[in-house]
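For reference, the structure discussed in these notes is given below.
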Amino acid sequence: MLKEFKEFALRGNVVDMAVGIIIGGAFGKIVTSLVNDVIMPPIGLLLGGVNFNDLFLSLNGKSYATMAAAKAASAPTLNYGMFLNNILDFLIVAFTMFIMIRQFNKLMPPVVVPVTTRECPFCATEIPLKATRCAHCTSEITAAAA
């Protein structure tokens, strides 16, 4: 069983997936820092000095000056500012992945699928290339008619 596990764990796909997960985690941290430290502060400044991490709604009906004060009072809060940051994180990651996959697909050669069927000239159904009679309409098909 140990030998089977070793073969599974060292397969190319598993190792590639592990590398992808590690790089993805690091990329997620970079995007989170980009959103929290670079993008949101200027947006907050343009909106009148708003810090999106401090946007919250107290669910117990009491008013708190800051989220820290609400947390100190153990008040239930709806942290919509953090939610907005997370949405922006997701959008940046999704757009980056879209661009990367789009570029990767442009670099890959087009996949040529060999033609294995043709159209019956009598009933227009798909038939195998080597067929001499249509399975649908039973018409005889010659090479010249195909």
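Labels used: A, B, ... for chains in the order of the structure tokens, numbers from 1 for residues in each chain, and numbers from 1 for ligands as shown.
Within 12 Å of range 8-24 of chain A there are Met1, Leu2, Lys3, Glu4, Gly28, Lys29, Ile30, Val31, Val93, Ala94, Thr96 and Met97 of chain A, counting only C-alpha atoms and ignoring same-chain residues fewer than 4 positions away.
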Let's have the selection written as an mmCIF file, in the first residue's frame, with C-alpha atoms.
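Result written to again.cif:
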```
data_model
loop_
_atom_site.group_PDB
_atom_site.id
_atom_site.type_symbol
_atom_site.label_atom_id
_atom_site.label_comp_id
_atom_site.auth_asym_id
_atom_site.auth_seq_id
_atom_site.Cartn_x
_atom_site.Cartn_y
_atom_site.Cartn_z
ATOM 1 C CA MET A 1 0.000 0.000 0.000
ATOM 2 C CA LEU A 2 2.878 2.382 0.746
ATOM 3 C CA LYS A 3 4.311 1.720 -2.717
ATOM 4 C CA GLU A 4 0.936 2.523 -4.335
ATOM 5 C CA GLY A 28 -4.140 35.192 -3.439
ATOM 6 C CA LYS A 29 -2.070 36.928 -0.773
ATOM 7 C CA ILE A 30 -0.643 39.318 -3.355
ATOM 8 C CA VAL A 31 -4.111 40.142 -4.677
ATOM 9 C CA VAL A 93 -8.217 36.875 -9.484
ATOM 10 C CA ALA A 94 -10.937 35.812 -11.940
ATOM 11 C CA THR A 96 -6.237 37.533 -14.137
ATOM 12 C CA MET A 97 -7.015 33.845 -14.619
#
```
* Asked: Given the choices A:Gly49, A:Gly44, A:Gly61, A:Pro121, which gets closest to Asn85 in chain A if the distance is worked out from only C-alpha atoms?
  -> A:Gly44
* Asked: What residues in chain A get the DSSP label strand (DSSP E)? Please answer as a PyMOL selection string.
  -> chain A and resi 57-58+77-78+117-119+126-128
What lies within 9 Å of range 69-82 of chain A using only C-alpha atoms, ignoring chain neighbours under 3 positions off, as a PDB file with N, CA and C atoms, in the first residue's frame?
```pdb
ATOM      1  N   ASN A  51     -12.705  54.077   5.039  1.00  0.00           N
ATOM      2  CA  ASN A  51     -11.891  52.865   5.117  1.00  0.00           C
ATOM      3  C   ASN A  51     -12.852  51.692   4.990  1.00  0.00           C
ATOM      4  N   PHE A  52     -12.774  50.971   3.882  1.00  0.00           N
ATOM      5  CA  PHE A  52     -13.745  49.915   3.619  1.00  0.00           C
ATOM      6  C   PHE A  52     -13.692  48.795   4.651  1.00  0.00           C
ATOM      7  N   ASN A  53     -12.541  48.556   5.239  1.00  0.00           N
ATOM      8  CA  ASN A  53     -12.455  47.518   6.275  1.00  0.00           C
ATOM      9  C   ASN A  53     -13.250  47.888   7.515  1.00  0.00           C
ATOM     10  N   ASP A  54     -13.544  49.162   7.708  1.00  0.00           N
ATOM     11  CA  ASP A  54     -14.296  49.603   8.885  1.00  0.00           C
ATOM     12  C   ASP A  54     -15.783  49.801   8.607  1.00  0.00           C
ATOM     13  N   LEU A  55     -16.252  49.472   7.422  1.00  0.00           N
ATOM     14  CA  LEU A  55     -17.678  49.609   7.132  1.00  0.00           C
ATOM     15  C   LEU A  55     -18.414  48.399   7.684  1.00  0.00           C
ATOM     16  N   PHE A  56     -19.357  48.667   8.572  1.00  0.00           N
ATOM     17  CA  PHE A  56     -20.118  47.583   9.180  1.00  0.00           C
ATOM     18  C   PHE A  56     -21.483  48.097   9.599  1.00  0.00           C
ATOM     19  N   LEU A  57     -22.358  47.164   9.877  1.00  0.00           N
ATOM     20  CA  LEU A  57     -23.691  47.477  10.367  1.00  0.00           C
ATOM     21  C   LEU A  57     -23.904  46.654  11.620  1.00  0.00           C
ATOM     22  N   SER A  58     -24.214  47.331  12.722  1.00  0.00           N
ATOM     23  CA  SER A  58     -24.459  46.637  13.984  1.00  0.00           C
ATOM     24  C   SER A  58     -25.851  46.013  13.930  1.00  0.00           C
ATOM     25  N   LEU A  59     -25.936  44.735  14.250  1.00  0.00           N
ATOM     26  CA  LEU A  59     -27.202  44.016  14.164  1.00  0.00           C
ATOM     27  C   LEU A  59     -28.013  44.047  15.458  1.00  0.00           C
ATOM     28  N   ASN A  60     -27.436  44.589  16.526  1.00  0.00           N
ATOM     29  CA  ASN A  60     -28.175  44.634  17.793  1.00  0.00           C
ATOM     30  C   ASN A  60     -28.880  45.977  18.006  1.00  0.00           C
ATOM     31  N   LYS A  62     -27.610  48.931  18.385  1.00  0.00           N
ATOM     32  CA  LYS A  62     -26.788  49.943  19.042  1.00  0.00           C
ATOM     33  C   LYS A  62     -25.784  50.512  18.047  1.00  0.00           C
ATOM     34  N   SER A  63     -25.334  51.725  18.312  1.00  0.00           N
ATOM     35  CA  SER A  63     -24.374  52.377  17.434  1.00  0.00           C
ATOM     36  C   SER A  63     -22.981  52.305  18.052  1.00  0.00           C
ATOM     37  N   TYR A  64     -22.002  51.962  17.224  1.00  0.00           N
ATOM     38  CA  TYR A  64     -20.615  51.875  17.657  1.00  0.00           C
ATOM     39  C   TYR A  64     -19.773  52.741  16.735  1.00  0.00           C
ATOM     40  N   ALA A  65     -18.787  53.405  17.290  1.00  0.00           N
ATOM     41  CA  ALA A  65     -17.954  54.315  16.515  1.00  0.00           C
ATOM     42  C   ALA A  65     -17.060  53.552  15.539  1.00  0.00           C
ATOM     43  N   THR A  66     -16.542  52.417  15.961  1.00  0.00           N
ATOM     44  CA  THR A  66     -15.655  51.631  15.111  1.00  0.00           C
ATOM     45  C   THR A  66     -16.010  50.158  15.210  1.00  0.00           C
ATOM     46  N   ASN A  85     -14.355  44.214  -0.186  1.00  0.00           N
ATOM     47  CA  ASN A  85     -12.944  43.903  -0.460  1.00  0.00           C
ATOM     48  C   ASN A  85     -12.786  42.499  -1.032  1.00  0.00           C
ATOM     49  N   ASN A  86     -13.509  41.545  -0.460  1.00  0.00           N
ATOM     50  CA  ASN A  86     -13.405  40.162  -0.936  1.00  0.00           C
ATOM     51  C   ASN A  86     -13.975  40.012  -2.343  1.00  0.00           C
ATOM     52  N   ILE A  87     -15.037  40.751  -2.653  1.00  0.00           N
ATOM     53  CA  ILE A  87     -15.574  40.715  -4.010  1.00  0.00           C
ATOM     54  C   ILE A  87     -14.538  41.255  -4.989  1.00  0.00           C
TER      55      ILE A  87
END
```
* Go through range 38-126 of chain A and collect every residue that DSSP, computed from the backbone, puts in helix (DSSP H, G or I); the answer should be as a PyMOL selection string. => chain A and resi 38-46+52-54+67-72+80-107
* To do: Rank A:Met67, A:Leu45, A:Val111, A:Leu88 by their smallest atom-to-atom distance to Ser33 in chain A, using only C-alpha atoms, and report the top residue only.
  =>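 Looking at the shortest contact to Ser33 in chain A, the residue is A:Leu88.
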* What is the distance, in Å and to one decimal place, between CA of Ala135 in chain A and CA of Pro114 in chain A? ->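 Calculated distance between CA of Ala135 in chain A and CA of Pro114 in chain A is 21.6 Å.
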* **Polymer residues at most 10 Å from His136 in chain A, only C-alpha atoms, same-chain spacing of 4 or more positions, as a PyMOL selection string** => chain A and resi 120+122-127
* Length of the CA of Thr117 in chain A to CA of Lys130 in chain A vector [Å] ->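 Pair CA of Thr117 in chain A / CA of Lys130 in chain A returns 8.3 Å.
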* **Coordinates-based distance that separates CA of Val35 in chain A from CA of Phe83 in chain A (Å, one decimal)** => 12.0 Å
